[in-house]
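A.B. asks: Structure supplied as coords.csv; contents: CSV, C-alpha atoms.
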chain,number,residue,atom,x,y,z
A,27,MET,CA,0.0,0.0,0.0
A,28,ASN,CA,1.3,3.5,-0.8
A,29,LYS,CA,2.2,5.7,2.1
A,30,LYS,CA,0.6,9.1,2.7
A,31,ILE,CA,2.6,12.1,1.6
A,32,LEU,CA,4.7,13.5,4.4
A,33,VAL,CA,3.8,17.1,5.3
A,34,LEU,CA,6.8,19.1,6.6
A,35,GLY,CA,6.5,22.6,8.2
A,36,HIS,CA,8.6,25.0,6.1
A,37,ARG,CA,11.0,26.6,8.6
A,38,GLY,CA,8.5,25.3,11.2
A,39,TYR,CA,4.9,26.5,11.2
A,40,ARG,CA,5.9,29.6,9.4
A,41,LYS,CA,2.4,30.9,8.6
A,42,ARG,CA,1.6,31.5,12.3
A,43,PHE,CA,5.0,31.6,14.1
A,44,PRO,CA,8.4,33.2,13.6
A,45,GLU,CA,10.3,31.0,11.1
A,46,ASN,CA,13.2,28.8,12.1
A,47,THR,CA,12.6,29.2,15.8
A,48,LEU,CA,12.1,26.5,18.4
A,49,LEU,CA,8.6,27.9,18.8
A,50,ALA,CA,7.8,27.4,15.1
A,51,PHE,CA,9.1,23.9,15.2
A,52,ALA,CA,7.3,22.9,18.3
A,53,LYS,CA,4.0,24.3,17.0
A,54,ALA,CA,4.5,22.4,13.7
A,55,PHE,CA,4.7,19.2,15.6
A,56,GLU,CA,1.9,20.1,17.9
A,57,TYR,CA,-0.4,20.8,14.9
A,58,GLY,CA,0.4,17.4,13.3
A,59,ALA,CA,3.3,17.9,10.9
A,60,ASP,CA,5.2,14.8,10.1
A,61,GLY,CA,8.4,16.8,10.3
A,62,ILE,CA,10.0,20.1,9.7
A,63,GLU,CA,12.3,21.8,7.2
A,64,CYS,CA,15.0,24.2,8.4
A,65,ASP,CA,18.2,26.0,7.3
A,66,VAL,CA,21.7,26.1,8.7
A,67,GLN,CA,24.0,29.1,8.5
A,68,LYS,CA,27.4,29.8,10.1
A,69,SER,CA,28.6,32.8,12.1
A,70,SER,CA,31.9,34.5,11.6
A,71,ASP,CA,33.4,32.5,14.5
A,72,GLY,CA,32.2,29.1,13.3
A,73,VAL,CA,29.0,28.6,15.3
A,74,TYR,CA,26.1,27.0,13.4
A,75,PHE,CA,22.6,28.6,13.7
A,76,ILE,CA,19.2,27.7,12.3
A,77,PHE,CA,18.5,30.7,10.0
A,78,HIS,CA,17.5,31.2,6.4
A,79,ASP,CA,18.7,34.6,5.2
A,80,VAL,CA,22.3,35.8,4.9
A,81,GLU,CA,21.1,39.2,6.1
A,82,LEU,CA,19.8,39.3,9.6
A,83,ASN,CA,17.5,42.4,9.2
A,84,ARG,CA,14.3,40.8,7.9
A,85,MET,CA,13.8,38.6,11.0
A,86,THR,CA,15.7,40.5,13.7
A,87,GLY,CA,15.9,44.2,12.6
A,88,PHE,CA,19.7,44.0,13.0
A,89,GLY,CA,21.6,45.3,10.0
A,90,GLY,CA,24.4,42.7,9.9
A,91,ASN,CA,25.2,39.6,7.9
A,92,ILE,CA,25.1,36.3,9.7
A,93,GLY,CA,28.3,35.1,8.1
A,94,THR,CA,30.2,38.2,9.2
A,95,SER,CA,28.6,38.5,12.7
A,96,ALA,CA,30.0,36.9,15.8
A,97,SER,CA,28.0,34.3,17.6
A,98,ALA,CA,27.8,36.4,20.7
A,99,VAL,CA,26.0,39.1,18.7
A,100,ILE,CA,23.6,36.6,17.0
A,101,LYS,CA,22.7,35.1,20.4
A,102,THR,CA,21.4,38.5,21.6
A,103,LEU,CA,19.0,38.9,18.6
A,104,LYS,CA,15.3,38.1,18.6
A,105,ALA,CA,13.5,36.6,15.6
A,106,GLY,CA,9.9,37.5,16.7
A,107,GLU,CA,7.7,36.8,19.7
A,108,GLY,CA,10.8,37.0,21.9
A,109,GLU,CA,12.3,33.9,20.2
A,110,CYS,CA,16.1,33.6,19.8
A,111,ILE,CA,17.9,32.3,16.7
A,112,PRO,CA,18.5,28.7,17.7
A,113,GLU,CA,22.0,27.3,17.8
A,114,PHE,CA,22.3,24.0,15.9
A,115,ASN,CA,23.0,21.9,19.0
A,116,SER,CA,20.0,23.4,20.9
A,117,PHE,CA,17.8,22.7,17.8
A,118,LEU,CA,18.9,19.0,17.7
A,119,ASP,CA,18.3,18.6,21.4
A,120,SER,CA,14.7,20.0,21.0
A,121,LEU,CA,13.6,17.5,18.4
A,122,PRO,CA,11.1,14.8,19.3
A,123,SER,CA,11.8,11.3,18.2
A,124,GLY,CA,10.2,9.8,15.1
A,125,LYS,CA,9.8,13.0,13.2
A,126,PHE,CA,11.2,13.7,9.7
A,127,ILE,CA,13.8,16.5,9.6
A,128,ASN,CA,14.9,18.2,6.4
A,129,ILE,CA,18.1,20.2,7.1
A,130,GLU,CA,19.1,22.6,4.3
A,131,LEU,CA,22.7,23.5,4.2
A,132,LYS,CA,23.0,27.2,3.1
A,133,GLU,CA,25.8,27.7,0.5
A,134,GLU,CA,26.3,31.3,1.5
A,135,THR,CA,28.2,30.5,4.7
A,136,LEU,CA,28.9,26.8,4.5
A,137,SER,CA,31.6,24.8,2.6
A,138,VAL,CA,32.7,21.2,2.3
A,139,ASP,CA,35.0,21.8,5.3
A,140,ASP,CA,31.8,22.2,7.5
A,141,CYS,CA,30.4,18.8,6.5
A,142,PRO,CA,32.4,16.6,8.9
A,143,ILE,CA,31.7,19.0,11.7
A,144,ILE,CA,28.0,18.9,11.1
A,145,ILE,CA,28.0,15.2,10.7
A,146,ASN,CA,29.7,14.9,14.0
A,147,LYS,CA,27.2,17.1,15.7
A,148,LEU,CA,24.3,15.0,14.3
A,149,GLY,CA,26.1,12.0,15.7
A,150,ASP,CA,23.6,9.5,17.3
A,151,LYS,CA,21.1,12.1,18.5
A,152,LYS,CA,18.6,11.2,15.8
A,153,LYS,CA,18.1,8.2,13.5
A,154,LYS,CA,19.7,8.8,10.1
A,155,ASP,CA,16.6,7.4,8.5
A,156,ASN,CA,14.6,10.4,9.8
A,157,ILE,CA,17.1,13.1,8.5
A,158,LEU,CA,17.3,14.5,5.0
A,159,ILE,CA,20.2,16.8,4.2
A,160,SER,CA,19.6,19.0,1.3
A,161,SER,CA,21.3,21.9,-0.5
A,162,PHE,CA,21.4,23.9,-3.7
A,163,ASN,CA,25.2,23.4,-3.5
A,164,HIS,CA,25.2,19.7,-4.5
A,165,GLY,CA,28.9,19.5,-3.7
A,166,LEU,CA,28.0,19.6,0.0
A,167,LEU,CA,26.0,16.4,-0.1
A,168,PRO,CA,28.4,13.5,-0.8
A,169,PRO,CA,30.0,13.5,2.7
A,170,PHE,CA,26.5,13.1,4.2
A,171,LYS,CA,25.6,10.3,1.8
A,172,ASN,CA,28.9,8.6,2.6
A,173,ALA,CA,28.1,8.9,6.3
A,174,GLY,CA,24.7,7.1,5.8
A,175,PHE,CA,22.4,10.1,5.7
A,176,ARG,CA,19.6,10.7,3.1
A,177,THR,CA,20.5,13.5,0.8
A,178,GLY,CA,18.3,15.8,-1.3
A,179,MET,CA,19.4,17.9,-4.4
A,180,LEU,CA,17.6,21.2,-4.4
A,181,PHE,CA,16.8,22.9,-7.7
A,182,GLU,CA,15.6,26.3,-8.8
A,183,THR,CA,13.0,26.7,-11.6
A,184,ALA,CA,15.4,28.2,-14.0
A,185,GLU,CA,17.9,25.3,-13.6
A,186,LEU,CA,15.1,22.8,-14.5
A,187,LYS,CA,13.9,24.6,-17.5
A,188,ASN,CA,17.1,25.9,-19.0
A,189,LYS,CA,19.8,23.3,-18.1
A,190,PRO,CA,17.9,20.0,-17.7
A,191,VAL,CA,20.6,17.8,-19.2
A,192,ARG,CA,23.3,19.1,-16.8
A,193,GLN,CA,21.0,18.6,-13.8
A,194,ILE,CA,19.9,15.1,-14.9
A,195,TRP,CA,23.6,14.1,-15.2
A,196,GLY,CA,24.2,15.4,-11.8
A,197,ILE,CA,21.4,13.3,-10.4
A,198,ILE,CA,22.7,10.2,-12.2
A,199,ARG,CA,26.1,10.8,-10.6
A,200,GLN,CA,25.0,11.5,-7.1
A,201,ARG,CA,21.9,9.3,-6.9
A,202,PRO,CA,20.4,11.3,-4.0
A,203,TRP,CA,17.5,10.0,-1.9
A,204,SER,CA,15.4,12.9,-3.3
A,205,VAL,CA,15.2,15.8,-5.6
A,206,ASN,CA,13.6,18.9,-4.0
A,207,LEU,CA,11.7,21.0,-6.5
A,208,PRO,CA,9.7,24.3,-6.4
A,209,VAL,CA,6.0,23.5,-6.7
A,210,ASN,CA,5.5,26.4,-9.2
A,211,VAL,CA,7.0,24.3,-12.0
A,212,PHE,CA,3.8,22.1,-11.8
A,213,THR,CA,1.3,24.9,-11.4
A,214,GLU,CA,2.6,26.9,-14.3
A,215,THR,CA,2.9,25.6,-17.9
A,216,MET,CA,5.4,22.8,-17.6
A,217,ALA,CA,8.0,22.6,-20.3
A,218,ILE,CA,9.0,19.3,-21.8
A,219,PRO,CA,12.5,19.4,-20.2
A,220,VAL,CA,10.9,19.6,-16.8
A,221,LYS,CA,8.7,16.6,-17.5
A,222,LEU,CA,11.8,14.7,-18.6
A,223,PHE,CA,13.6,15.7,-15.5
A,224,VAL,CA,10.8,14.2,-13.3
A,225,ALA,CA,10.6,11.1,-15.4
A,226,VAL,CA,14.3,10.4,-15.0
A,227,ALA,CA,14.0,10.8,-11.2
A,228,LYS,CA,11.2,8.3,-11.2
A,229,VAL,CA,13.1,5.8,-13.3
A,230,LEU,CA,16.0,6.0,-10.8
A,231,ARG,CA,13.6,5.6,-7.9
A,232,ILE,CA,14.5,9.0,-6.5
A,233,ARG,CA,11.8,10.6,-4.4
A,234,LEU,CA,10.2,13.9,-5.2
A,235,VAL,CA,10.0,16.6,-2.5
A,236,PHE,CA,8.1,19.8,-3.3
A,237,TRP,CA,8.3,23.3,-1.8
A,238,THR,CA,6.4,25.5,-0.9
A,239,VAL,CA,3.0,23.9,-1.2
A,240,ASN,CA,0.5,26.3,0.4
A,241,SER,CA,-2.8,25.8,-1.4
A,242,GLU,CA,-5.1,23.0,-2.6
A,243,VAL,CA,-4.3,23.8,-6.2
A,244,GLN,CA,-0.6,23.3,-5.5
A,245,TYR,CA,-1.1,20.2,-3.5
A,246,ASN,CA,-3.3,18.6,-6.2
A,247,ALA,CA,-0.7,19.5,-8.9
A,248,VAL,CA,1.9,17.2,-7.2
A,249,LYS,CA,0.0,14.7,-5.1
A,250,ASP,CA,0.3,11.8,-7.5
A,251,ILE,CA,4.1,12.0,-7.6
A,252,ALA,CA,5.2,13.6,-4.3
A,253,CYS,CA,6.8,11.8,-1.4
A,254,VAL,CA,7.1,14.9,0.7
A,255,VAL,CA,5.5,18.4,0.6
A,256,ILE,CA,6.9,21.3,2.5
A,257,THR,CA,4.4,24.0,3.5
A,258,ASP,CA,4.0,27.2,5.4
A,259,ASP,CA,0.4,26.2,6.3
A,260,VAL,CA,0.8,23.0,8.3
A,261,GLU,CA,-2.9,22.7,9.4
A,262,GLY,CA,-4.3,23.6,6.0
A,263,ILE,CA,-2.2,21.1,4.0
A,264,ILE,CA,-2.7,18.3,6.5
A,265,GLU,CA,-6.4,18.8,6.2
A,266,ILE,CA,-6.3,18.7,2.4
A,267,ARG,CA,-4.1,15.6,2.5
A,268,ASP,CA,-6.2,13.7,5.0
A,269,SER,CA,-9.4,14.5,3.2
A,270,GLU,CA,-8.2,12.3,0.3
A,271,LYS,CA,-10.3,9.2,-0.1
A,272,ARG,CA,-7.5,7.0,-1.5
A,273,PRO,CA,-3.9,6.1,-0.5
A,274,LEU,CA,-1.4,8.6,-1.6
A,275,MET,CA,2.2,8.1,-2.9
Step by step, read the file and then write its structure as structure tokens.
C.D. replies:
Amino acid sequence: MNKKILVLGHRGYRKRFPENTLLAFAKAFEYGADGIECDVQKSSDGVYFIFHDVELNRMTGFGGNIGTSASAVIKTLKAGEGECIPEFNSFLDSLPSGKFINIELKEETLSVDDCPIIINKLGDKKKKDNILISSFNHGLLPPFKNAGFRTGMLFETAELKNKPVRQIWGIIRQRPWSVNLPVNVFTETMAIPVKLFVAVAKVLRIRLVFWTVNSEVQYNAVKDIACVVITDDVEGIIEIRDSEKRPLM
């Protein structure tokens, strides 16, 4: 029997709570998410934080760059509702067991040299089967695959439509657990190269993860091929998924 699509909270329950905070993650789990997606950046002194942007201003009002700011400064900042920017270790310690965790490695501040450090931090805290490591910088992924983690190759829309052959070759070489795609390529007119891209992934038994699925139209566009959907609206998408009358892929 086919399994239900997993619903992950995008940066936690982003629609209702400050993104990438421990509050947003806890609320995503509380409201029924199968897991969460989050982002990892690094401070100027080598401390890893859960944060999406390079610039700190949008979430904190501070005019600095996370990659050029010291960890002591970042720890003083608030990301909304009094929530701090979580350190990576604190984030890992907060996670409940049995939930699916998609950790995106941000290429703006991370390099291959960071991979063994992050792998060591992950250690035995969580089962590797429940962790997906993804990145737009596909060169960051092999160390994690070699260490036994699931990996996901992230793609932008332009890459899929304009350079499909190059991307397909990359998938064949890396054989990731998943390819993570923007849902808009399926709600807009879908070019033949994009269809080919998806077909190759299916032939190679690579799972399809879609972001950011925030409406019934978007969900319905990918529900027959998705393994995982990532959403800002945890409750809304879970309600849509669970209203289906047949098993989902």
A.B. asks: One decimal, Å: what's the distance from atom CA of Pro122 of chain A over to atom CA of Cys253 of chain A, could you say?
C.D. replies: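 Separation between atom CA of Pro122 of chain A and atom CA of Cys253 of chain A: 21.4 Å.
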A.B. asks: What's around Val209 of chain A at 6 Å? Count all atoms listed in the file, leave out sequence neighbours fewer than 2 positions away in its own chain, and write the answer as a list of chain:residue names.
C.D. replies: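 Here the answer would be A:Val211, A:Phe212, A:Phe236, A:Trp237.
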A.B. asks: Which residues come within 8 Å of segment 255-267 of chain A, counting only C-alpha atoms, excluding same-chain residues fewer than 2 positions away, as a ChimeraX atom specification?
C.D. replies: /A:31-41,54,57-59,62-63,235-242,245,252-253,269-270
A.B. asks: Place a sphere of radius 12 Å on (25.8, 38.6, 19.8) in the file coordinates and name every protein, DNA or RNA residue with an atom inside or on its surface, counting all atoms listed in the file; give the answer as a list in words.
C.D. replies: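 Output: Ser69, Ser70, Asp71, Val73, Leu82, Thr86, Phe88, Gly90, Asn91, Ile92, Thr94, Ser95, Ala96, Ser97, Ala98, Val99, Ile100, Lys101, Thr102, Leu103, Lys104, Cys110 and Ile111 of chain A.
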A.B. asks: Tell me which protein, DNA and RNA residues are within 12 Å of Asn188 of chain A, counting all atoms listed in the file, leaving out same-chain ones fewer than 5 positions away, and put them as a count of residues only.
C.D. replies: 10
A.B. asks: Could you tell me how far atom CA of Glu81 of chain A sits from atom CA of Thr135 of chain A, in Å to one decimal place?
C.D. replies: 11.3 Å
